[in-house]
file target_36.txt (compact mmCIF, C-alpha atoms)
# COMPACT_ATOMS: atom_id res chain seq x y z
CA MET A 122 -45.68 1.18 -121.03
CA PRO A 123 -46.55 4.64 -122.46
CA LYS A 124 -44.16 5.97 -125.08
CA PHE A 125 -43.22 9.66 -124.88
CA VAL A 126 -41.45 11.43 -127.77
CA MET A 127 -39.44 14.60 -127.20
CA MET A 128 -39.87 16.14 -130.65
CA PRO A 129 -36.92 17.79 -132.43
CA PRO A 130 -35.07 20.05 -132.65
CA GLN A 131 -33.15 18.79 -129.64
CA THR A 132 -31.15 20.86 -127.18
CA ASP A 133 -28.99 19.81 -124.26
CA GLN A 134 -31.85 20.86 -122.02
CA LYS A 135 -34.45 18.75 -123.81
CA ARG A 136 -32.12 15.74 -123.87
CA GLY A 137 -31.66 16.20 -120.14
CA TRP A 138 -35.43 16.41 -119.63
CA ALA A 139 -35.88 13.17 -121.55
CA ARG A 140 -33.40 11.42 -119.24
CA ARG A 141 -34.98 12.91 -116.11
CA LEU A 142 -38.47 11.92 -117.22
CA ALA A 143 -37.39 8.34 -117.88
CA ASP A 144 -35.63 8.16 -114.50
CA THR A 145 -38.45 9.80 -112.52
CA VAL A 146 -41.40 8.01 -114.12
CA PRO A 147 -39.89 4.59 -114.87
CA GLY A 148 -43.05 3.28 -116.49
CA TYR A 149 -42.35 5.41 -119.58
CA LEU A 150 -40.33 4.73 -122.69
CA VAL A 151 -38.88 8.17 -123.47
CA VAL A 152 -37.15 8.89 -126.78
CA ALA A 153 -35.58 12.08 -128.14
CA PRO A 154 -35.13 11.75 -131.92
CA GLU A 155 -32.53 14.07 -133.38
CA THR A 156 -34.00 14.50 -136.86
CA ASP A 157 -37.45 14.96 -138.38
CA GLU A 158 -37.07 11.63 -140.14
CA GLU A 159 -36.36 9.84 -136.86
CA ALA A 160 -39.28 11.68 -135.24
CA ARG A 161 -41.66 10.44 -137.93
CA ARG A 162 -40.60 6.87 -137.18
CA GLU A 163 -40.92 7.29 -133.41
CA ILE A 164 -44.29 9.08 -133.47
CA VAL A 165 -46.01 6.11 -135.15
CA ASP A 166 -46.56 4.22 -131.90
CA ALA A 167 -46.16 7.12 -129.45
CA ASP A 168 -48.78 7.77 -126.78
CA ALA A 169 -47.53 11.24 -125.88
CA ALA A 170 -45.15 13.92 -127.12
CA PHE A 171 -43.58 17.25 -126.22
CA GLY A 172 -43.12 19.98 -128.83
CA TRP A 173 -44.65 20.46 -132.23
CA VAL A 174 -46.05 17.60 -134.30
CA PRO A 175 -46.11 18.78 -137.94
CA PRO A 176 -48.89 17.60 -140.29
CA GLU A 177 -46.76 14.94 -141.99
CA ALA A 178 -45.91 13.41 -138.61
CA LEU A 179 -49.46 13.63 -137.28
CA LYS A 180 -50.69 11.53 -140.21
CA LEU A 181 -48.42 8.71 -139.03
CA ALA A 182 -49.36 8.88 -135.33
CA ARG A 183 -51.62 5.90 -134.63
CA LYS A 184 -51.83 6.17 -130.83
CA LEU A 185 -51.11 9.78 -129.91
CA ARG A 186 -53.39 10.88 -127.07
CA TRP A 187 -51.49 13.70 -125.31
CA LEU A 188 -49.31 16.54 -126.65
CA GLN A 189 -47.52 18.92 -124.30
CA ASN A 190 -47.17 22.32 -125.95
CA PRO A 191 -43.86 23.94 -124.91
CA ASP A 192 -45.36 27.45 -124.84
CA ALA A 193 -48.49 29.08 -123.49
CA GLY A 194 -48.60 31.28 -126.61
CA PRO A 195 -46.98 29.17 -129.35
CA PHE A 196 -45.83 30.34 -132.76
CA TYR A 197 -48.38 31.06 -135.46
CA GLY A 198 -49.07 27.75 -137.23
CA TYR A 199 -48.60 25.48 -134.23
CA TYR A 200 -52.32 24.80 -134.35
CA TYR A 201 -53.52 23.69 -137.78
CA ARG A 202 -56.78 22.17 -138.96
CA GLU A 203 -55.71 18.51 -138.76
CA LEU A 204 -54.31 18.96 -135.24
CA ILE A 205 -57.42 20.78 -134.05
CA GLU A 206 -59.65 18.02 -135.42
CA HIS A 207 -57.42 15.21 -134.09
CA PRO A 208 -58.56 13.60 -130.80
CA VAL A 209 -55.18 14.26 -129.14
CA ALA A 210 -55.44 16.28 -125.91
CA ILE A 211 -53.10 19.28 -125.70
CA SER A 212 -51.78 20.95 -122.56
CA ASN A 213 -49.50 23.95 -122.14
CA PRO A 214 -47.23 25.50 -119.49
CA ARG A 215 -49.30 28.57 -118.65
CA GLY A 216 -48.43 30.10 -115.33
CA ILE A 217 -44.69 29.49 -115.43
CA TYR A 218 -43.88 33.06 -116.56
CA SER A 219 -46.42 34.98 -114.50
CA ASP A 220 -44.15 36.57 -111.90
CA HIS A 221 -41.46 37.62 -114.40
CA ILE A 222 -43.72 39.07 -117.09
CA SER A 223 -46.06 40.83 -114.67
CA VAL A 224 -43.08 42.69 -113.19
CA HIS A 225 -42.07 43.76 -116.70
CA ILE A 226 -45.59 45.10 -117.21
CA MET A 227 -45.37 47.05 -113.96
CA MET A 228 -42.03 48.50 -115.06
CA PHE A 229 -43.79 49.93 -118.11
CA LEU A 230 -46.82 51.12 -116.13
CA LEU A 231 -44.87 52.88 -113.40
CA ALA A 232 -42.43 54.51 -115.84
CA LEU A 233 -45.23 55.79 -118.09
CA SER A 234 -47.31 57.01 -115.16
CA ARG A 235 -44.46 59.27 -114.02
CA GLY A 236 -43.30 60.49 -117.44
CA LEU A 237 -39.98 58.64 -117.21
CA PRO A 238 -39.40 58.39 -121.00
CA PHE A 239 -39.35 62.20 -121.26
CA TYR A 240 -36.86 62.54 -118.39
CA MET A 241 -34.66 59.82 -119.88
CA GLN A 242 -34.48 61.81 -123.11
CA ALA A 243 -33.55 64.95 -121.20
CA GLN A 244 -30.89 62.96 -119.36
CA SER A 245 -29.44 61.69 -122.65
CA ARG A 246 -29.12 65.33 -123.78
CA GLY A 247 -27.54 66.36 -120.47
CA GLU A 248 -30.42 68.74 -119.71
CA TRP A 249 -31.81 69.60 -116.26
CA GLN A 250 -35.39 69.92 -117.51
CA LYS A 251 -38.04 69.86 -114.80
CA ASP A 252 -40.85 70.31 -117.28
CA ALA A 253 -39.68 67.54 -119.63
CA ALA A 254 -42.82 65.44 -119.16
CA LYS A 255 -45.54 66.38 -121.65
CA TYR A 256 -48.36 64.68 -119.77
CA PRO A 257 -49.39 64.97 -116.12
CA TYR A 258 -48.54 62.19 -113.72
CA VAL A 259 -51.15 59.45 -113.38
CA TYR A 260 -52.25 59.18 -109.76
CA LEU A 261 -52.53 55.43 -109.46
CA ARG A 262 -54.96 55.36 -106.54
CA GLU A 263 -57.53 57.05 -108.76
CA ALA A 264 -56.58 55.25 -111.98
CA THR A 265 -58.11 52.29 -113.80
CA ALA A 266 -56.30 49.49 -115.59
CA ILE A 267 -57.96 47.12 -118.02
CA VAL A 268 -56.18 43.77 -118.21
CA VAL A 269 -57.16 41.86 -121.34
CA GLY A 270 -56.38 38.19 -120.75
CA VAL A 271 -56.70 37.19 -117.09
CA GLY A 272 -54.71 33.98 -117.25
CA GLY A 273 -51.63 33.42 -115.12
CA ILE A 274 -49.81 36.55 -116.29
CA GLY A 275 -52.89 38.73 -116.34
CA ALA A 276 -54.03 37.60 -112.92
CA GLU A 277 -50.66 38.36 -111.35
CA THR A 278 -50.57 41.72 -113.13
CA ALA A 279 -54.02 42.52 -111.75
CA ARG A 280 -52.84 41.66 -108.25
CA LEU A 281 -49.80 43.91 -108.53
CA CYS A 282 -51.84 46.76 -110.01
CA SER A 283 -54.29 46.55 -107.12
CA GLU A 284 -51.40 46.70 -104.63
CA PHE A 285 -50.53 50.10 -106.14
CA GLY A 286 -54.12 51.21 -105.70
CA LEU A 287 -55.42 50.89 -109.26
CA THR A 288 -58.94 49.72 -109.97
CA VAL A 289 -58.61 46.69 -112.24
CA ILE A 290 -61.12 45.53 -114.84
CA GLY A 291 -60.42 42.04 -116.18
CA VAL A 292 -61.40 40.99 -119.71
CA ASP A 293 -61.42 37.30 -120.51
CA PRO A 294 -63.68 34.72 -122.20
CA ARG A 295 -63.53 32.74 -118.96
CA ILE A 296 -65.33 34.80 -116.33
CA GLU A 297 -63.32 33.72 -113.34
CA GLY A 298 -62.41 36.05 -110.52
CA ALA A 299 -58.80 36.81 -109.64
CA PRO A 300 -57.26 38.59 -106.65
CA GLY A 301 -57.16 42.31 -107.32
CA VAL A 302 -59.78 42.32 -110.09
CA ALA A 303 -62.65 44.64 -109.19
CA GLU A 304 -64.81 43.71 -112.18
CA MET A 305 -64.75 41.00 -114.84
CA THR A 306 -66.21 41.17 -118.33
CA THR A 307 -65.99 39.37 -121.65
CA PRO A 308 -64.09 40.48 -124.80
CA ASP A 309 -67.28 41.38 -126.64
CA ARG A 310 -67.87 44.15 -124.05
CA LEU A 311 -64.33 45.57 -124.11
CA ASP A 312 -65.35 48.72 -126.02
CA GLU A 313 -67.79 49.69 -123.27
CA PHE A 314 -64.97 49.92 -120.74
CA LEU A 315 -62.24 51.57 -122.82
CA PRO A 316 -63.30 55.18 -122.08
CA ARG A 317 -62.68 54.50 -118.37
CA THR A 318 -59.16 53.15 -118.63
CA ASP A 319 -55.86 54.87 -117.90
CA PHE A 320 -53.84 51.77 -118.81
CA LEU A 321 -54.92 49.18 -121.37
CA ILE A 322 -52.78 46.08 -120.75
CA THR A 323 -52.92 43.05 -123.01
CA THR A 324 -51.47 39.64 -122.27
CA VAL A 325 -53.57 37.69 -124.79
CA PRO A 326 -52.12 35.09 -127.19
CA HIS A 327 -52.33 35.41 -130.96
CA THR A 328 -55.44 33.60 -132.16
CA PRO A 329 -57.88 34.12 -135.03
CA GLU A 330 -60.09 36.09 -132.62
CA THR A 331 -57.33 38.33 -131.20
CA GLU A 332 -55.40 39.16 -134.38
CA GLY A 333 -55.42 42.93 -134.87
CA MET A 334 -57.94 43.50 -132.07
CA PHE A 335 -56.04 46.56 -130.81
CA ASN A 336 -56.40 49.13 -133.54
CA MET A 337 -57.19 52.78 -134.22
CA ARG A 338 -60.92 52.29 -133.72
CA ARG A 339 -60.28 51.08 -130.18
CA PHE A 340 -57.55 53.63 -129.40
CA ARG A 341 -60.05 56.36 -130.28
CA LEU A 342 -62.33 55.06 -127.53
CA MET A 343 -59.63 55.65 -124.90
CA LYS A 344 -58.71 58.83 -123.03
CA ARG A 345 -56.08 61.05 -124.66
CA THR A 346 -54.06 60.59 -121.46
CA ALA A 347 -54.27 56.76 -121.51
CA TYR A 348 -51.45 54.31 -122.20
CA PHE A 349 -51.30 50.98 -124.02
CA ILE A 350 -49.09 48.09 -122.85
CA ASN A 351 -48.59 44.91 -124.89
CA ILE A 352 -46.69 42.00 -123.37
CA GLY A 353 -48.69 39.21 -125.04
CA ARG A 354 -48.29 38.77 -128.79
CA GLY A 355 -47.38 41.39 -131.36
CA LYS A 356 -49.94 40.40 -133.98
CA THR A 357 -52.80 41.32 -131.67
CA THR A 358 -51.95 44.98 -132.35
CA LYS A 359 -51.99 47.00 -135.57
CA LEU A 360 -48.60 48.61 -135.02
CA ASP A 361 -48.87 51.37 -137.63
CA GLU A 362 -52.27 52.35 -136.23
CA LEU A 363 -50.84 52.43 -132.70
CA THR A 364 -47.98 54.59 -133.94
CA GLU A 365 -50.40 56.98 -135.62
CA ALA A 366 -52.55 57.11 -132.48
CA ILE A 367 -49.55 58.27 -130.44
CA GLU A 368 -48.32 60.69 -133.10
CA LYS A 369 -51.76 62.35 -133.30
CA GLY A 370 -52.31 62.42 -129.54
CA VAL A 371 -55.18 59.95 -129.61
CA ILE A 372 -53.48 58.22 -126.66
CA ALA A 373 -50.52 59.35 -124.57
CA GLY A 374 -48.00 56.57 -125.20
CA CYS A 375 -47.21 52.89 -124.89
CA GLY A 376 -44.91 50.20 -123.54
CA LEU A 377 -44.22 47.28 -125.87
CA ASP A 378 -42.26 44.06 -125.53
CA VAL A 379 -43.83 42.36 -128.57
CA PHE A 380 -44.43 43.61 -132.10
CA GLU A 381 -46.45 42.84 -135.21
CA THR A 382 -43.13 42.35 -137.03
CA GLU A 383 -40.06 41.20 -135.11
CA PRO A 384 -37.47 42.56 -134.95
CA LEU A 385 -39.10 45.96 -135.13
CA PRO A 386 -37.66 47.47 -138.35
CA ALA A 387 -34.85 49.94 -137.68
CA GLY A 388 -36.60 52.71 -139.60
CA HIS A 389 -39.99 52.35 -137.96
CA ARG A 390 -41.45 55.63 -136.68
CA LEU A 391 -42.15 54.08 -133.28
CA TRP A 392 -38.46 54.18 -132.36
CA LYS A 393 -38.45 57.99 -132.40
CA LEU A 394 -41.65 58.73 -130.49
CA PRO A 395 -40.98 60.40 -127.14
CA ASN A 396 -43.47 58.64 -124.86
CA VAL A 397 -42.80 55.08 -125.96
CA LEU A 398 -40.94 52.33 -124.11
CA ILE A 399 -39.58 49.45 -126.20
CA THR A 400 -37.98 46.20 -125.06
CA PRO A 401 -37.06 43.54 -127.65
CA HIS A 402 -39.27 40.62 -126.54
CA VAL A 403 -37.24 40.01 -123.39
CA ALA A 404 -39.86 40.07 -120.61
CA VAL A 405 -39.04 36.52 -119.58
CA ARG A 406 -35.40 36.39 -120.67
CA ASP A 407 -33.21 34.69 -118.06
CA GLY A 408 -36.32 34.23 -115.91
CA THR A 409 -35.27 32.41 -112.76
CA HIS A 410 -36.83 28.93 -112.41
CA VAL A 411 -38.86 29.17 -115.65
CA GLU A 412 -37.32 26.14 -117.37
CA GLU A 413 -37.55 24.00 -114.24
CA ARG A 414 -41.20 24.99 -113.92
CA ARG A 415 -41.72 23.96 -117.55
CA PHE A 416 -40.24 20.52 -116.86
CA GLN A 417 -42.29 20.09 -113.68
CA ILE A 418 -45.49 20.54 -115.70
CA ILE A 419 -44.29 17.86 -118.15
CA LEU A 420 -43.53 15.58 -115.21
CA ASP A 421 -46.84 16.23 -113.45
CA ASN A 422 -48.83 15.60 -116.60
CA ALA A 423 -46.82 12.49 -117.43
CA ARG A 424 -47.76 11.01 -114.07
CA ARG A 425 -51.39 12.03 -114.55
CA PHE A 426 -51.50 10.58 -118.06
CA ALA A 427 -50.08 7.25 -116.92
CA ALA A 428 -52.60 7.12 -114.07
CA GLY A 429 -55.54 8.08 -116.27
CA GLN A 430 -56.09 11.32 -114.37
CA PRO A 431 -57.08 14.72 -115.84
CA LEU A 432 -54.17 16.75 -117.20
CA VAL A 433 -53.38 20.25 -115.98
CA ASN A 434 -53.40 23.33 -118.22
CA MET A 435 -55.62 21.82 -120.88
CA VAL A 436 -55.95 23.79 -124.14
CA ASP A 437 -59.12 24.57 -126.06
CA LYS A 438 -57.74 23.69 -129.48
CA GLN A 439 -60.35 25.73 -131.32
CA ARG A 440 -59.19 28.86 -129.47
CA TRP A 441 -55.46 27.88 -129.47
CA TYR A 442 -55.14 28.40 -125.69
call {"tool": "encode", "arguments": {"input": "target_36.txt", "output": "structure tokens"}}
result
Amino acid sequence: MPKFVMMPPQTDQKRGWARRLADTVPGYLVVAPETDEEARREIVDADAAFGWVPPEALKLARKLRWLQNPDAGPFYGYYYRELIEHPVAISNPRGIYSDHISVHIMMFLLALSRGLPFYMQAQSRGEWQKDAAKYPYVYLREATAIVVGVGGIGAETARLCSEFGLTVIGVDPRIEGAPGVAEMTTPDRLDEFLPRTDFLITTVPHTPETEGMFNMRRFRLMKRTAYFINIGRGKTTKLDELTEAIEKGVIAGCGLDVFETEPLPAGHRLWKLPNVLITPHVAVRDGTHVEERRFQIILDNARRFAAGQPLVNMVDKQRWY
């Protein structure tokens, strides 16, 4: 009988998942320890777990063979040297947010393409200002979007962009086609394509390779009329350099849901820039069906693990995704 540990901290939802998993896959012993001390006792003979296994718990795990990561882009520190070197297989829930987050991206793209931030500012001042927009409209049927990270979110974003007539270039270490992507390339060739883009969209997780990859050097390769959209992880972008790029007209503006420091400090210059859209890391907030999708991946992988079948959404631990 495989033993599955729902790692703390516990919530009503996770306790409910533990009960559902035990009821649906009766061959499992499912436990949900409330404290770190209890978790260290339970992990000793566990075969599988959900959540984060800290280093002190991993040292005690004698049988652990599968770990389900709760997030596609987990917090910095989830992956550490001992976990990467451990034989445990790790899977994640990528794909469960794709429809919600891609729509948030399109909200940014469409608003920026039509100069909406400028008109919103005129509205807030009560001004009928037809020439409020400081940049020309972007005609989407002749525009190019680069999507960096063509996983579930990036692939759905590419599809939606193509529906609006944009030419989409996908950038991903895994060269796999996706509906709506006209051309695929690898991250090491990103700079070659930046001069062509009207929208640079990033969905990538924070990893050693992606930290700070969007910076002034790259913004200078873009058109002065181009826009930057970050919906992935804040630490992939040098925020002060992005701010300076917009202030100096290196690029036209941006839409951000994630930030290098969160919350974005109240006095940060980015708040006051006219062609910037900011949402406070809410792209998937209240996303319909997301939590049920997360549980269904746990359930599917639990069945696969018990049957000795390959798990879905396997992670390359060296890359953290």
call {"tool": "residues_around", "arguments": {"input": "target_36.txt", "residues": "A:Glu368", "least_positions_apart": "3", "cutoff": "10 Å", "atoms": "all atoms listed in the file", "output": "ChimeraX atom specification"}}
result
/A:362-365,371-374,390-391,394-396
call {"tool": "write_last_selection", "arguments": {"input": "target_36.txt", "atoms": "C-alpha atoms", "output": "PDB file, in the coordinates of the input"}}
result
ATOM      1  CA  GLU A 362     -52.270  52.350-136.230  1.00  0.00           C
ATOM      2  CA  LEU A 363     -50.840  52.430-132.700  1.00  0.00           C
ATOM      3  CA  THR A 364     -47.980  54.590-133.940  1.00  0.00           C
ATOM      4  CA  GLU A 365     -50.400  56.980-135.620  1.00  0.00           C
ATOM      5  CA  VAL A 371     -55.180  59.950-129.610  1.00  0.00           C
ATOM      6  CA  ILE A 372     -53.480  58.220-126.660  1.00  0.00           C
ATOM      7  CA  ALA A 373     -50.520  59.350-124.570  1.00  0.00           C
ATOM      8  CA  GLY A 374     -48.000  56.570-125.200  1.00  0.00           C
ATOM      9  CA  ARG A 390     -41.450  55.630-136.680  1.00  0.00           C
ATOM     10  CA  LEU A 391     -42.150  54.080-133.280  1.00  0.00           C
ATOM     11  CA  LEU A 394     -41.650  58.730-130.490  1.00  0.00           C
ATOM     12  CA  PRO A 395     -40.980  60.400-127.140  1.00  0.00           C
ATOM     13  CA  ASN A 396     -43.470  58.640-124.860  1.00  0.00           C
TER      14      ASN A 396
END
call {"tool": "closest_residue", "arguments": {"input": "target_36.txt", "among": "A:Lys124, A:His225, A:Lys135, A:Arg354", "to": "A:Arg415", "atoms": "all atoms listed in the file"}}
result
A:Lys135
call {"tool": "residues_around", "arguments": {"input": "target_36.txt", "residues": "A:Gly353", "least_positions_apart": "5", "cutoff": "10 Å", "atoms": "all atoms listed in the file", "output": "mmCIF file with C-alpha atoms, keeping the file's coordinate frame"}}
result
data_model
loop_
_atom_site.group_PDB
_atom_site.id
_atom_site.type_symbol
_atom_site.label_atom_id
_atom_site.label_comp_id
_atom_site.auth_asym_id
_atom_site.auth_seq_id
_atom_site.Cartn_x
_atom_site.Cartn_y
_atom_site.Cartn_z
ATOM 1 C CA GLY A 194 -48.600 31.280 -126.610
ATOM 2 C CA ILE A 222 -43.720 39.070 -117.090
ATOM 3 C CA VAL A 269 -57.160 41.860 -121.340
ATOM 4 C CA GLY A 270 -56.380 38.190 -120.750
ATOM 5 C CA ILE A 274 -49.810 36.550 -116.290
ATOM 6 C CA GLY A 275 -52.890 38.730 -116.340
ATOM 7 C CA ILE A 322 -52.780 46.080 -120.750
ATOM 8 C CA THR A 323 -52.920 43.050 -123.010
ATOM 9 C CA THR A 324 -51.470 39.640 -122.270
ATOM 10 C CA VAL A 325 -53.570 37.690 -124.790
ATOM 11 C CA PRO A 326 -52.120 35.090 -127.190
ATOM 12 C CA HIS A 327 -52.330 35.410 -130.960
ATOM 13 C CA THR A 358 -51.950 44.980 -132.350
ATOM 14 C CA LEU A 377 -44.220 47.280 -125.870
ATOM 15 C CA ASP A 378 -42.260 44.060 -125.530
ATOM 16 C CA VAL A 379 -43.830 42.360 -128.570
ATOM 17 C CA PHE A 380 -44.430 43.610 -132.100
ATOM 18 C CA HIS A 402 -39.270 40.620 -126.540
ATOM 19 C CA ALA A 404 -39.860 40.070 -120.610
#
call {"tool": "closest_residue", "arguments": {"input": "target_36.txt", "among": "A:Glu248, A:Glu412, A:Asp437, A:Glu159", "to": "A:Pro214", "atoms": "only C-alpha atoms"}}
result
A:Glu412
call {"tool": "atom_distance", "arguments": {"input": "target_36.txt", "atom1": "atom CA of A:Val436", "atom2": "atom CA of A:Gly148"}}
result
25.4 Å
